[in-house]
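> Got a structure for you, target32.cif, holding mmCIF, C-alpha atoms.
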data_structure
#
loop_
_atom_site.label_atom_id
_atom_site.label_comp_id
_atom_site.auth_asym_id
_atom_site.auth_seq_id
_atom_site.Cartn_x
_atom_site.Cartn_y
_atom_site.Cartn_z
CA MET M 1 0.00 0.00 0.00
CA CYS M 2 1.44 3.36 -1.09
CA VAL M 3 4.33 2.21 -3.24
CA GLU M 4 6.00 -1.16 -3.07
CA PRO M 5 9.76 -1.36 -3.71
CA ALA M 6 10.70 -1.50 -7.38
CA GLU M 7 14.01 -1.77 -9.20
CA PRO M 8 15.40 1.54 -10.52
CA PRO M 9 15.86 2.02 -14.25
CA SER M 10 19.29 2.13 -15.85
CA GLY M 11 21.54 4.87 -14.50
CA ARG M 12 21.98 6.05 -18.09
CA LEU M 13 18.29 6.96 -18.37
CA THR M 14 17.99 10.74 -18.61
CA ARG M 15 14.93 12.93 -18.22
CA ARG M 16 14.43 12.99 -21.96
CA GLY M 17 15.18 9.29 -21.99
CA VAL M 18 12.09 8.60 -19.90
CA LEU M 19 9.90 9.97 -22.68
CA ALA M 20 11.98 8.34 -25.41
CA ALA M 21 11.72 4.98 -23.65
CA SER M 22 7.97 5.25 -23.36
CA ALA M 23 7.75 6.08 -27.08
CA ALA M 24 9.85 3.02 -27.94
CA LEU M 25 7.72 0.89 -25.66
CA ALA M 26 4.64 2.31 -27.34
CA GLY M 27 5.89 1.06 -30.71
CA THR M 28 6.37 -2.43 -29.32
CA ALA M 29 2.95 -2.32 -27.70
CA THR M 30 1.36 -1.36 -31.02
CA ALA M 31 2.75 -4.48 -32.64
CA LEU M 32 1.57 -6.63 -29.77
CA ALA M 33 -1.85 -5.05 -29.79
CA SER M 34 -2.22 -5.71 -33.53
CA ALA M 35 -1.46 -9.37 -33.00
CA THR M 36 -3.95 -9.79 -30.18
CA ALA M 37 -6.77 -7.40 -31.13
CA PRO M 38 -10.28 -8.89 -30.92
CA ALA M 39 -11.71 -9.98 -34.26
CA ALA M 40 -15.12 -8.48 -33.55
CA ALA M 41 -15.54 -4.73 -33.89
CA ALA M 42 -11.90 -4.13 -34.70
CA PRO M 43 -11.44 -0.37 -34.74
CA THR M 44 -9.98 1.47 -37.67
CA ALA M 45 -6.21 1.68 -37.71
CA ALA M 46 -5.01 4.58 -35.61
CA ARG M 47 -1.79 6.55 -35.69
CA PRO M 48 0.17 6.54 -32.42
CA GLY M 49 -1.57 8.83 -29.99
CA ARG M 50 -4.77 8.97 -32.01
CA GLY M 51 -7.93 7.18 -30.95
CA GLY M 52 -10.13 5.01 -33.13
CA ASP M 53 -13.48 5.28 -34.89
CA LEU M 54 -16.28 3.16 -33.46
CA VAL M 55 -20.05 2.93 -33.06
CA VAL M 56 -21.28 1.25 -29.86
CA ALA M 57 -24.94 0.44 -30.35
CA GLY M 58 -27.94 -1.26 -28.79
CA GLY M 59 -27.15 -1.12 -25.09
CA THR M 60 -28.67 0.80 -22.18
CA LEU M 61 -26.75 4.05 -21.66
CA LEU M 62 -26.30 5.47 -18.15
CA ASP M 63 -25.16 9.05 -17.67
CA PRO M 64 -23.62 9.37 -14.18
CA ALA M 65 -23.96 13.16 -14.24
CA THR M 66 -27.75 13.15 -14.50
CA GLY M 67 -28.69 9.57 -13.69
CA GLN M 68 -30.55 9.42 -17.02
CA VAL M 69 -31.00 5.94 -18.49
CA THR M 70 -31.43 5.58 -22.26
CA GLU M 71 -32.43 2.26 -23.79
CA ASP M 72 -31.32 1.18 -27.26
CA ALA M 73 -28.63 3.84 -27.20
CA VAL M 74 -25.87 4.65 -29.66
CA VAL M 75 -22.46 6.20 -29.01
CA VAL M 76 -20.51 7.46 -32.04
CA ILE M 77 -16.74 7.86 -31.56
CA ARG M 78 -14.45 9.50 -34.12
CA GLU M 79 -10.69 9.66 -33.58
CA GLY M 80 -11.17 8.67 -29.95
CA VAL M 81 -13.73 11.36 -29.10
CA VAL M 82 -17.50 11.02 -28.60
CA ARG M 83 -19.29 12.86 -31.41
CA ALA M 84 -22.83 11.83 -30.44
CA ALA M 85 -24.56 9.77 -27.76
CA GLY M 86 -28.24 9.10 -27.17
CA PRO M 87 -31.23 7.07 -28.32
CA ARG M 88 -30.84 5.38 -31.71
CA SER M 89 -33.76 7.40 -33.08
CA ARG M 90 -31.90 10.68 -32.52
CA VAL M 91 -28.31 9.79 -33.38
CA ALA M 92 -27.07 9.92 -36.97
CA VAL M 93 -24.63 7.07 -37.53
CA PRO M 94 -21.99 7.70 -40.22
CA ASP M 95 -21.48 4.99 -42.80
CA GLY M 96 -18.41 2.85 -42.85
CA LEU M 97 -17.54 2.83 -39.14
CA PRO M 98 -16.89 -0.42 -37.24
CA HIS M 99 -19.65 -1.40 -34.80
CA LEU M 100 -19.58 -2.94 -31.35
CA ASP M 101 -22.86 -4.66 -30.49
CA ALA M 102 -23.99 -3.69 -26.97
CA HIS M 103 -27.39 -5.42 -26.93
CA GLY M 104 -28.13 -6.82 -23.49
CA ARG M 105 -25.40 -4.68 -21.89
CA TRP M 106 -25.30 -1.42 -19.97
CA MET M 107 -23.09 1.28 -21.46
CA LEU M 108 -21.07 3.47 -19.07
CA PRO M 109 -18.14 5.85 -19.34
CA GLY M 110 -14.75 4.43 -18.48
CA LEU M 111 -14.03 4.54 -14.76
CA ILE M 112 -11.38 6.60 -12.96
CA ASP M 113 -8.99 5.26 -10.32
CA ALA M 114 -7.93 8.34 -8.37
CA HIS M 115 -5.18 6.59 -6.36
CA ILE M 116 -3.12 3.87 -8.00
CA HIS M 117 0.58 3.01 -8.27
CA LEU M 118 1.53 2.00 -11.82
CA ASN M 119 5.16 0.90 -12.00
CA THR M 120 5.09 -1.14 -15.20
CA ALA M 121 3.45 -1.26 -18.60
CA ASP M 122 1.79 -4.55 -17.66
CA GLU M 123 0.21 -2.99 -14.57
CA ALA M 124 -1.05 -0.09 -16.65
CA HIS M 125 -2.52 -2.47 -19.21
CA THR M 126 -4.21 -4.54 -16.50
CA ALA M 127 -5.78 -1.44 -14.97
CA VAL M 128 -7.25 -0.24 -18.24
CA ARG M 129 -8.54 -3.71 -19.18
CA GLN M 130 -10.33 -3.82 -15.81
CA GLY M 131 -12.12 -0.58 -16.64
CA ALA M 132 -9.88 2.20 -15.27
CA THR M 133 -9.51 4.23 -18.46
CA SER M 134 -8.30 7.27 -16.47
CA ALA M 135 -6.30 7.43 -13.27
CA ARG M 136 -4.18 9.48 -10.89
CA SER M 137 -0.89 8.10 -9.67
CA GLY M 138 -0.24 7.85 -5.95
CA SER M 139 3.51 8.15 -6.75
CA THR M 140 6.16 5.73 -7.98
CA ASN M 141 9.74 5.10 -6.91
CA PHE M 142 11.57 6.13 -10.09
CA TYR M 143 9.19 8.27 -12.16
CA GLN M 144 7.66 5.28 -13.91
CA ASP M 145 4.26 6.98 -13.76
CA ILE M 146 5.48 9.84 -15.94
CA ALA M 147 6.54 7.31 -18.57
CA VAL M 148 3.18 5.51 -18.21
CA ARG M 149 1.44 8.83 -18.81
CA GLU M 150 3.38 9.26 -22.04
CA LEU M 151 2.71 5.65 -23.04
CA ALA M 152 -1.01 6.33 -22.63
CA ARG M 153 -0.73 9.31 -24.94
CA GLN M 154 1.12 7.28 -27.58
CA VAL M 155 -0.88 4.04 -27.35
CA PRO M 156 -4.08 4.74 -25.40
CA GLU M 157 -5.25 1.13 -25.36
CA ARG M 158 -2.18 0.19 -23.31
CA ALA M 159 -2.69 2.48 -20.31
CA PRO M 160 -5.14 4.83 -18.59
CA ARG M 161 -4.81 8.55 -19.25
CA LEU M 162 -2.83 9.47 -16.17
CA ARG M 163 -2.14 12.29 -13.79
CA ALA M 164 1.40 11.50 -12.60
CA ALA M 165 2.68 12.25 -9.08
CA GLY M 166 6.34 11.40 -9.56
CA VAL M 167 8.17 10.39 -6.37
CA PHE M 168 6.79 10.51 -2.85
CA VAL M 169 7.75 13.57 -0.79
CA THR M 170 8.52 11.74 2.44
CA PRO M 171 11.14 12.09 5.20
CA ASP M 172 13.10 8.99 4.17
CA LEU M 173 13.49 8.74 0.40
CA GLY M 174 15.61 5.59 0.57
CA ASP M 175 16.68 4.44 -2.89
CA THR M 176 14.35 7.00 -4.44
CA VAL M 177 17.24 9.49 -4.20
CA LEU M 178 18.53 7.58 -7.25
CA ALA M 179 15.49 8.58 -9.28
CA ASP M 180 17.10 11.86 -10.30
CA PRO M 181 20.61 13.27 -9.78
CA ASP M 182 19.03 16.44 -8.41
CA LEU M 183 17.63 14.41 -5.50
CA THR M 184 20.95 12.93 -4.40
CA PRO M 185 22.00 15.96 -2.28
CA LEU M 186 19.07 15.10 -0.01
CA ALA M 187 20.88 11.90 0.98
CA ARG M 188 23.34 14.03 2.99
CA LEU M 189 20.63 15.21 5.37
CA LYS M 190 20.82 13.39 8.70
CA ASP M 191 17.18 14.13 9.53
CA GLY M 192 15.91 13.33 6.05
CA VAL M 193 13.62 15.50 3.94
CA ARG M 194 12.26 17.72 6.70
CA SER M 195 13.65 21.23 6.40
CA ALA M 196 11.83 23.83 4.36
CA GLU M 197 14.67 23.85 1.85
CA ALA M 198 14.67 20.05 1.47
CA LEU M 199 10.89 19.90 1.07
CA ARG M 200 11.02 22.57 -1.59
CA ARG M 201 13.83 20.74 -3.40
CA ALA M 202 11.87 17.47 -3.49
CA VAL M 203 8.80 19.23 -4.91
CA GLN M 204 10.86 21.21 -7.43
CA VAL M 205 12.53 18.08 -8.79
CA ASN M 206 9.12 16.45 -9.21
CA LEU M 207 7.80 19.44 -11.10
CA ALA M 208 10.92 19.61 -13.26
CA ARG M 209 10.37 15.96 -14.20
CA GLY M 210 6.83 16.81 -15.29
CA ALA M 211 4.67 15.66 -12.37
CA ASP M 212 1.02 16.71 -12.63
CA VAL M 213 0.43 16.53 -8.86
CA VAL M 214 2.56 16.17 -5.72
CA LYS M 215 2.18 13.32 -3.23
CA THR M 216 3.22 13.66 0.41
CA ARG M 217 2.31 12.17 3.76
CA VAL M 218 1.42 13.21 7.29
CA ASN M 219 1.34 9.74 8.91
CA GLU M 220 3.25 6.49 8.69
CA ARG M 221 1.94 3.52 6.70
CA ALA M 222 -0.86 1.14 7.64
CA GLY M 223 0.42 -1.61 5.35
CA LEU M 224 3.67 -2.18 7.27
CA PRO M 225 3.23 -3.95 10.63
CA GLU M 226 6.29 -2.27 12.14
CA GLN M 227 4.89 1.21 11.52
CA ASP M 228 2.26 3.10 13.51
CA PRO M 229 -0.24 4.67 11.07
CA LEU M 230 -1.19 7.25 13.69
CA ALA M 231 2.37 8.49 14.14
CA GLN M 232 2.80 11.89 12.51
CA VAL M 233 5.87 12.46 10.31
CA TYR M 234 5.26 16.03 9.09
CA SER M 235 3.88 19.02 10.97
CA HIS M 236 1.32 21.51 9.72
CA GLU M 237 4.16 23.90 8.87
CA GLN M 238 6.07 21.28 6.88
CA LEU M 239 2.94 20.30 4.96
CA ALA M 240 2.30 23.96 4.22
CA GLU M 241 5.79 24.19 2.70
CA VAL M 242 5.01 21.29 0.38
CA VAL M 243 1.67 22.82 -0.62
CA ALA M 244 3.24 26.24 -1.23
CA ALA M 245 6.01 24.78 -3.38
CA ALA M 246 3.50 22.78 -5.41
CA ARG M 247 1.24 25.79 -5.88
CA ARG M 248 4.13 27.85 -7.21
CA GLY M 249 4.26 25.29 -9.99
CA GLY M 250 0.50 25.35 -10.44
CA LYS M 251 0.00 21.89 -8.92
CA GLY M 252 -2.09 20.41 -6.12
CA VAL M 253 -1.10 17.99 -3.36
CA LEU M 254 -2.54 14.65 -2.30
CA CYS M 255 -1.69 13.57 1.23
CA HIS M 256 -1.41 10.09 2.79
CA SER M 257 -3.10 10.38 6.19
CA TYR M 258 -4.72 8.40 9.00
CA SER M 259 -4.94 10.20 12.34
CA GLU M 260 -7.48 12.96 12.97
CA ARG M 261 -4.76 15.40 13.96
CA GLY M 262 -2.80 14.54 10.84
CA CYS M 263 -5.88 14.85 8.64
CA HIS M 264 -6.72 18.25 10.11
CA ASP M 265 -3.15 19.51 9.73
CA ALA M 266 -3.07 18.36 6.11
CA VAL M 267 -6.41 19.89 5.19
CA THR M 268 -5.69 23.24 6.86
CA ALA M 269 -2.26 23.28 5.17
CA GLY M 270 -4.13 23.42 1.87
CA ILE M 271 -3.91 19.96 0.30
CA ARG M 272 -6.17 19.16 -2.65
CA SER M 273 -7.17 15.67 -1.52
CA LEU M 274 -6.97 13.55 1.62
CA GLU M 275 -5.91 9.94 1.00
CA HIS M 276 -7.03 7.06 3.29
CA GLY M 277 -8.13 9.34 6.17
CA VAL M 278 -9.47 6.55 8.38
CA PHE M 279 -9.86 8.64 11.53
CA VAL M 280 -10.88 11.92 9.94
CA ALA M 281 -13.37 13.63 12.27
CA GLU M 282 -16.39 15.83 11.68
CA ARG M 283 -14.53 19.10 12.31
CA THR M 284 -12.08 18.23 9.54
CA LEU M 285 -14.84 17.10 7.19
CA HIS M 286 -16.54 20.47 7.67
CA GLU M 287 -13.23 22.14 6.85
CA MET M 288 -12.89 19.97 3.75
CA ARG M 289 -16.33 20.96 2.53
CA ARG M 290 -15.52 24.63 3.10
CA ARG M 291 -12.24 24.42 1.24
CA GLY M 292 -13.35 22.04 -1.50
CA THR M 293 -10.87 19.37 -0.37
CA TYR M 294 -11.56 15.91 -1.79
CA PHE M 295 -11.54 12.62 0.10
CA THR M 296 -10.04 9.50 -1.52
CA PRO M 297 -10.58 6.83 1.17
CA THR M 298 -9.08 3.82 -0.66
CA LEU M 299 -11.51 1.45 1.05
CA THR M 300 -10.16 -1.39 -1.10
CA ALA M 301 -6.69 -1.08 0.40
CA ILE M 302 -7.98 -1.01 3.98
CA ALA M 303 -10.29 -3.96 3.33
CA SER M 304 -7.37 -5.96 1.93
CA LEU M 305 -5.49 -5.61 5.22
CA ALA M 306 -8.11 -7.76 6.92
CA ASP M 307 -7.13 -10.66 4.62
CA SER M 308 -3.43 -10.35 5.42
CA ALA M 309 -1.48 -13.32 6.75
CA ASP M 310 0.20 -10.95 9.16
CA PRO M 311 -1.86 -10.84 12.39
CA VAL M 312 -1.01 -7.17 13.04
CA LEU M 313 -2.19 -6.12 9.59
CA ALA M 314 -5.26 -8.34 9.72
CA GLU M 315 -6.37 -6.86 13.03
CA ARG M 316 -5.64 -3.37 11.74
CA GLY M 317 -7.81 -3.97 8.69
CA ARG M 318 -10.70 -5.37 10.74
CA ALA M 319 -10.56 -2.41 13.11
CA TYR M 320 -10.05 0.32 10.50
CA LEU M 321 -12.57 -0.66 7.81
CA PRO M 322 -15.82 0.04 9.72
CA VAL M 323 -14.38 3.33 10.99
CA LEU M 324 -13.48 4.37 7.45
CA LYS M 325 -16.90 3.39 6.11
CA ARG M 326 -18.54 5.64 8.68
CA ALA M 327 -16.19 8.47 7.69
CA VAL M 328 -17.07 8.00 4.02
CA LEU M 329 -20.79 8.15 4.71
CA ALA M 330 -20.36 11.22 6.93
CA ALA M 331 -18.32 12.92 4.21
CA HIS M 332 -20.98 12.16 1.63
CA GLU M 333 -23.78 13.47 3.83
CA LEU M 334 -21.84 16.69 4.46
CA GLY M 335 -21.20 17.22 0.76
CA VAL M 336 -17.45 16.52 0.74
CA GLY M 337 -16.23 15.44 -2.69
CA LEU M 338 -15.40 11.73 -2.82
CA ALA M 339 -13.14 10.01 -5.32
CA ALA M 340 -12.64 6.28 -5.80
CA GLY M 341 -9.10 4.91 -5.59
CA THR M 342 -7.85 1.37 -5.08
CA ASP M 343 -4.27 2.16 -3.94
CA SER M 344 -3.21 -0.83 -6.02
CA SER M 345 0.55 -1.41 -6.04
CA GLY M 346 3.26 -4.02 -6.21
CA GLY M 347 1.80 -5.78 -9.25
CA GLU M 348 -1.58 -6.43 -7.62
CA ILE M 349 -4.12 -4.38 -9.57
CA THR M 350 -7.60 -4.39 -8.05
CA PRO M 351 -10.52 -3.48 -10.34
CA ILE M 352 -11.75 0.03 -9.63
CA GLY M 353 -15.25 -1.47 -9.58
CA ARG M 354 -14.35 -3.01 -6.21
CA GLU M 355 -13.89 0.48 -4.73
CA VAL M 356 -17.30 1.52 -6.06
CA GLU M 357 -18.76 -1.60 -4.47
CA LEU M 358 -17.25 -0.64 -1.11
CA MET M 359 -18.54 2.94 -1.46
CA ARG M 360 -21.99 1.43 -1.89
CA ALA M 361 -21.42 -0.81 1.14
CA ALA M 362 -20.50 2.29 3.16
CA GLY M 363 -24.02 3.59 2.60
CA LEU M 364 -23.83 5.70 -0.57
CA PRO M 365 -26.71 5.32 -3.04
CA ALA M 366 -25.63 3.34 -6.09
CA LEU M 367 -25.57 6.36 -8.41
CA ASP M 368 -23.50 8.40 -5.96
CA ALA M 369 -21.11 5.49 -5.49
CA LEU M 370 -20.70 5.34 -9.28
CA ARG M 371 -20.03 9.08 -9.40
CA THR M 372 -16.99 8.64 -7.14
CA ALA M 373 -15.34 6.81 -10.06
CA THR M 374 -16.75 9.01 -12.83
CA THR M 375 -17.89 12.63 -12.52
CA GLY M 376 -16.56 13.18 -9.00
CA ALA M 377 -13.12 11.77 -9.71
CA ALA M 378 -13.04 13.67 -13.02
CA ARG M 379 -13.46 16.95 -11.13
CA LEU M 380 -10.62 16.06 -8.77
CA LEU M 381 -8.28 15.15 -11.63
CA GLY M 382 -9.20 18.18 -13.73
CA LEU M 383 -10.80 15.93 -16.35
CA THR M 384 -14.30 17.36 -16.38
CA GLY M 385 -15.24 17.57 -20.04
CA THR M 386 -12.89 14.69 -20.88
CA ALA M 387 -13.74 11.75 -18.62
CA GLY M 388 -16.65 10.59 -16.47
CA ARG M 389 -19.44 10.82 -19.06
CA LEU M 390 -20.31 9.62 -22.53
CA ALA M 391 -21.31 12.96 -24.00
CA ARG M 392 -20.25 14.95 -27.02
CA GLY M 393 -16.63 16.08 -26.76
CA HIS M 394 -15.72 13.58 -24.04
CA ALA M 395 -13.22 10.77 -24.48
CA GLY M 396 -14.48 7.68 -26.24
CA ASP M 397 -13.97 5.45 -23.20
CA VAL M 398 -16.82 2.94 -22.81
CA LEU M 399 -17.54 0.13 -20.38
CA LEU M 400 -20.07 -2.54 -21.27
CA VAL M 401 -21.33 -4.39 -18.19
CA SER M 402 -23.66 -7.34 -17.90
CA GLY M 403 -26.25 -5.88 -15.51
CA ASP M 404 -27.84 -2.74 -14.16
CA PRO M 405 -25.21 -1.00 -11.96
CA LEU M 406 -27.96 1.00 -10.26
CA LYS M 407 -29.22 -2.29 -8.85
CA ASP M 408 -25.91 -4.09 -8.41
CA VAL M 409 -22.69 -2.07 -8.58
CA SER M 410 -20.63 -5.27 -8.39
CA VAL M 411 -21.07 -5.66 -12.17
CA LEU M 412 -18.44 -2.94 -12.52
CA LYS M 413 -15.73 -5.27 -11.24
CA ALA M 414 -15.74 -7.38 -14.40
CA PRO M 415 -16.66 -5.37 -17.52
CA ALA M 416 -17.80 -7.43 -20.49
CA ARG M 417 -15.90 -5.09 -22.84
CA VAL M 418 -13.73 -2.03 -22.46
CA VAL M 419 -13.22 0.67 -25.09
CA ARG M 420 -10.38 3.15 -24.64
CA SER M 421 -10.44 6.21 -26.93
CA GLY M 422 -12.52 4.34 -29.49
CA LEU M 423 -10.23 1.29 -29.43
CA VAL M 424 -11.73 -2.02 -28.32
CA LEU M 425 -9.54 -3.84 -25.82
#
Can the structure from this file be put into structure tokens for me?

Amino acid sequence: MCVEPAEPPSGRLTRRGVLAASAALAGTATALASATAPAAAAPTAARPGRGGDLVVAGGTLLDPATGQVTEDAVVVIREGVVRAAGPRSRVAVPDGLPHLDAHGRWMLPGLIDAHIHLNTADEAHTAVRQGATSARSGSTNFYQDIAVRELARQVPERAPRLRAAGVFVTPDLGDTVLADPDLTPLARLKDGVRSAEALRRAVQVNLARGADVVKTRVNERAGLPEQDPLAQVYSHEQLAEVVAAARRGGKGVLCHSYSERGCHDAVTAGIRSLEHGVFVAERTLHEMRRRGTYFTPTLTAIASLADSADPVLAERGRAYLPVLKRAVLAAHELGVGLAAGTDSSGGEITPIGREVELMRAAGLPALDALRTATTGAARLLGLTGTAGRLARGHAGDVLLVSGDPLKDVSVLKAPARVVRSGLVL
């Protein structure tokens, strides 16, 4: 949970090399994709970085923004973008486009995983095949997420469109100091990345590498039995330094948190979203609503602790999950923005539909639970108008599921088909 160890790339890999490597990988992925593409509804050939042309027809279309349900619907996608969506009787379908038959299925926009750790191309491909067509990184050890973001732009069917967080701004960077030569001076600091200057340096290197957001922490980890998740590692003042440095670069901050004091310090320091937040209290939730701070509870990650073979982690999961569910419901009732995130890492990619299922189990109505992985998460990621809906001008990301998600959100865990930018996976 929150970044598993991963091997660093070659020491010869430069900043430009990250993008060059992703482009080379994209070319290989294109060849592989051509060899394994489904025979049915094969999309038109697409240049690298360009989506496909496709008509998805005959299913029941659900718009998460309005809750409107349209039977016998048609979605027309050109070059990866929705050009029309609605009832068959009102949508003009151009001739010559490949069709994907959606009869008997529900048609939804691709889902958004607002907290995931993608360290490899295979992990990125697994996430998108499971329905996460957009995502926000929760950080990686060696800037792999920035390369994944570029891979997604080159070959969209291989990865979710991604908001990258770069490396974790944390007191002990460990081997992450090897991620960039500009980080190595931080290894000299006896107290770690704690001073205002060190915190600013860590953020500045991330922004220089092209991070879209900054990830930091206020508490230790729940997924390591030797750590105390309620122990605070950064003060309000230190968090404020991180937020200020990120804002100077026009970026927001997501913050790993557990204790109420830590949550309150993080929120009042100006973070954009609170991650995990098991013991967040009502006073902090009110502050979040006032400030527009989002809550990404990662219920999936906390639930997984209960299944751990380690007795400390298992007990932690059993104790934390009901507390977090109550916090999620309280946040929803107060009007705090909620975003779905699995916190998948270490090669184990959980379907984002599982997080929606847990949101529903926490007490959210089915439509509101779905919105945490569509319109709500899109607002957090700055993707409103791109992701979260199947409407004109939005990305041509489509999920076909086998049942009515308003009756049973668990159908989201195993999509029957996934379309990414007009390309059928």
> Running the PyMOL selection byres ((chain M and resi 405) around 12) on this model by hand, what would come out? Give it as number ranges by chain.
M: 60-64, 67, 69, 105-108, 353, 356-357, 360, 365-371, 399-404, 406-415
> Mind checking which residues fall within 8 Å of M:Arg163, counting all atoms listed in the file, ignoring those fewer than 6 positions away in the same chain, and posting them as number ranges by chain?
M: 135-137, 149, 211-213, 381
> Residues near stretch 90-98 of chain M, anyone? I mean within 12 Å using all atoms listed in the file, not counting same-chain ones fewer than 2 positions away, as a VMD selection string.
chain M and resid 39 to 45 52 to 58 70 72 to 79 82 to 88 100 to 101 392 422 to 424
> Rank M:Gln130, M:Gln232, M:Asn206, M:Asn119 by their smallest atom-to-atom distance to M:Ala246, using all atoms listed in the file, and report the top residue only.
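Smallest separation from M:Ala246 among the options: M:Asn206.
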> Using only C-alpha atoms, determine which residues lie at most 8 Å from stretch 322-339 of chain M, disregarding the query and same-chain residues fewer than 3 positions distant; provide the list as a VMD selection string.
chain M and resid 114 277 to 282 285 to 286 288 to 289 292 to 297 299 318 to 319 359 361 to 364 372 to 373 376 to 377 380
> Using the chain letters and numbers from the file, which residues does the PyMOL selection byres ((chain M and resi 188-197) around 7) grab, as a PyMOL selection string?
chain M and resi 170-172+185-187+198-201+238+241
> On this file, the PyMOL selection byres ((chain M and resi 234) around 8) gives some set of residues; write that set as a PyMOL selection string.
chain M and resi 194+217-219+232-233+235-239
> Please return, as a ChimeraX atom specification, all polymer residues that have at least one atom within 12 Å of the point (4.1, 26.9, -3.3); use all atoms listed in the file and the file's own coordinate frame.
/M:196,199-201,203-204,207,214,238-253,269-271
> For atom CA of M:Thr375 and atom CA of M:His99, quote the distance in Å rounded to one decimal.
26.4 Å
> Could you pull the residues within 12 Å of M:Thr384, counting all atoms listed in the file, minus those fewer than 5 positions along the same chain, as a VMD selection string?
chain M and resid 65 112 134 374 to 379 389 to 391 393 to 395
> Using all atoms listed in the file, which protein or nucleic acid residues come within 9 Å of stretch 308-315 of chain M? Drop anything in the same chain fewer than 4 positions from it, and give the result as an mmCIF file with C-alpha atoms, in the frame of the given file.

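After the write, part-v1.cif holds the following:
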data_model
loop_
_atom_site.group_PDB
_atom_site.id
_atom_site.type_symbol
_atom_site.label_atom_id
_atom_site.label_comp_id
_atom_site.auth_asym_id
_atom_site.auth_seq_id
_atom_site.Cartn_x
_atom_site.Cartn_y
_atom_site.Cartn_z
ATOM 1 C CA ALA M 222 -0.860 1.140 7.640
ATOM 2 C CA GLY M 223 0.420 -1.610 5.350
ATOM 3 C CA LEU M 224 3.670 -2.180 7.270
ATOM 4 C CA PRO M 225 3.230 -3.950 10.630
ATOM 5 C CA GLU M 226 6.290 -2.270 12.140
ATOM 6 C CA SER M 304 -7.370 -5.960 1.930
ATOM 7 C CA ALA M 319 -10.560 -2.410 13.110
ATOM 8 C CA TYR M 320 -10.050 0.320 10.500
#
> Could you tell me which of M:Pro156, M:Cys255, M:Leu178, M:His115 comes closest to M:Arg129 if we count all atoms listed in the file?
M:Pro156
> Would you mind telling me which residue in M:Thr184, M:Ala165, M:Gly388, M:Glu220 lies nearest to M:Thr66 when using only C-alpha atoms?
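Selected residue with least distance to M:Thr66: M:Gly388.
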> Taking into account only C-alpha atoms, which residue in the set M:Val169, M:Tyr143, M:Val398, M:Gly59 is nearest to M:Arg420?
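Between M:Val169, M:Tyr143, M:Val398, M:Gly59, the residue approaching M:Arg420 most closely is M:Val398.
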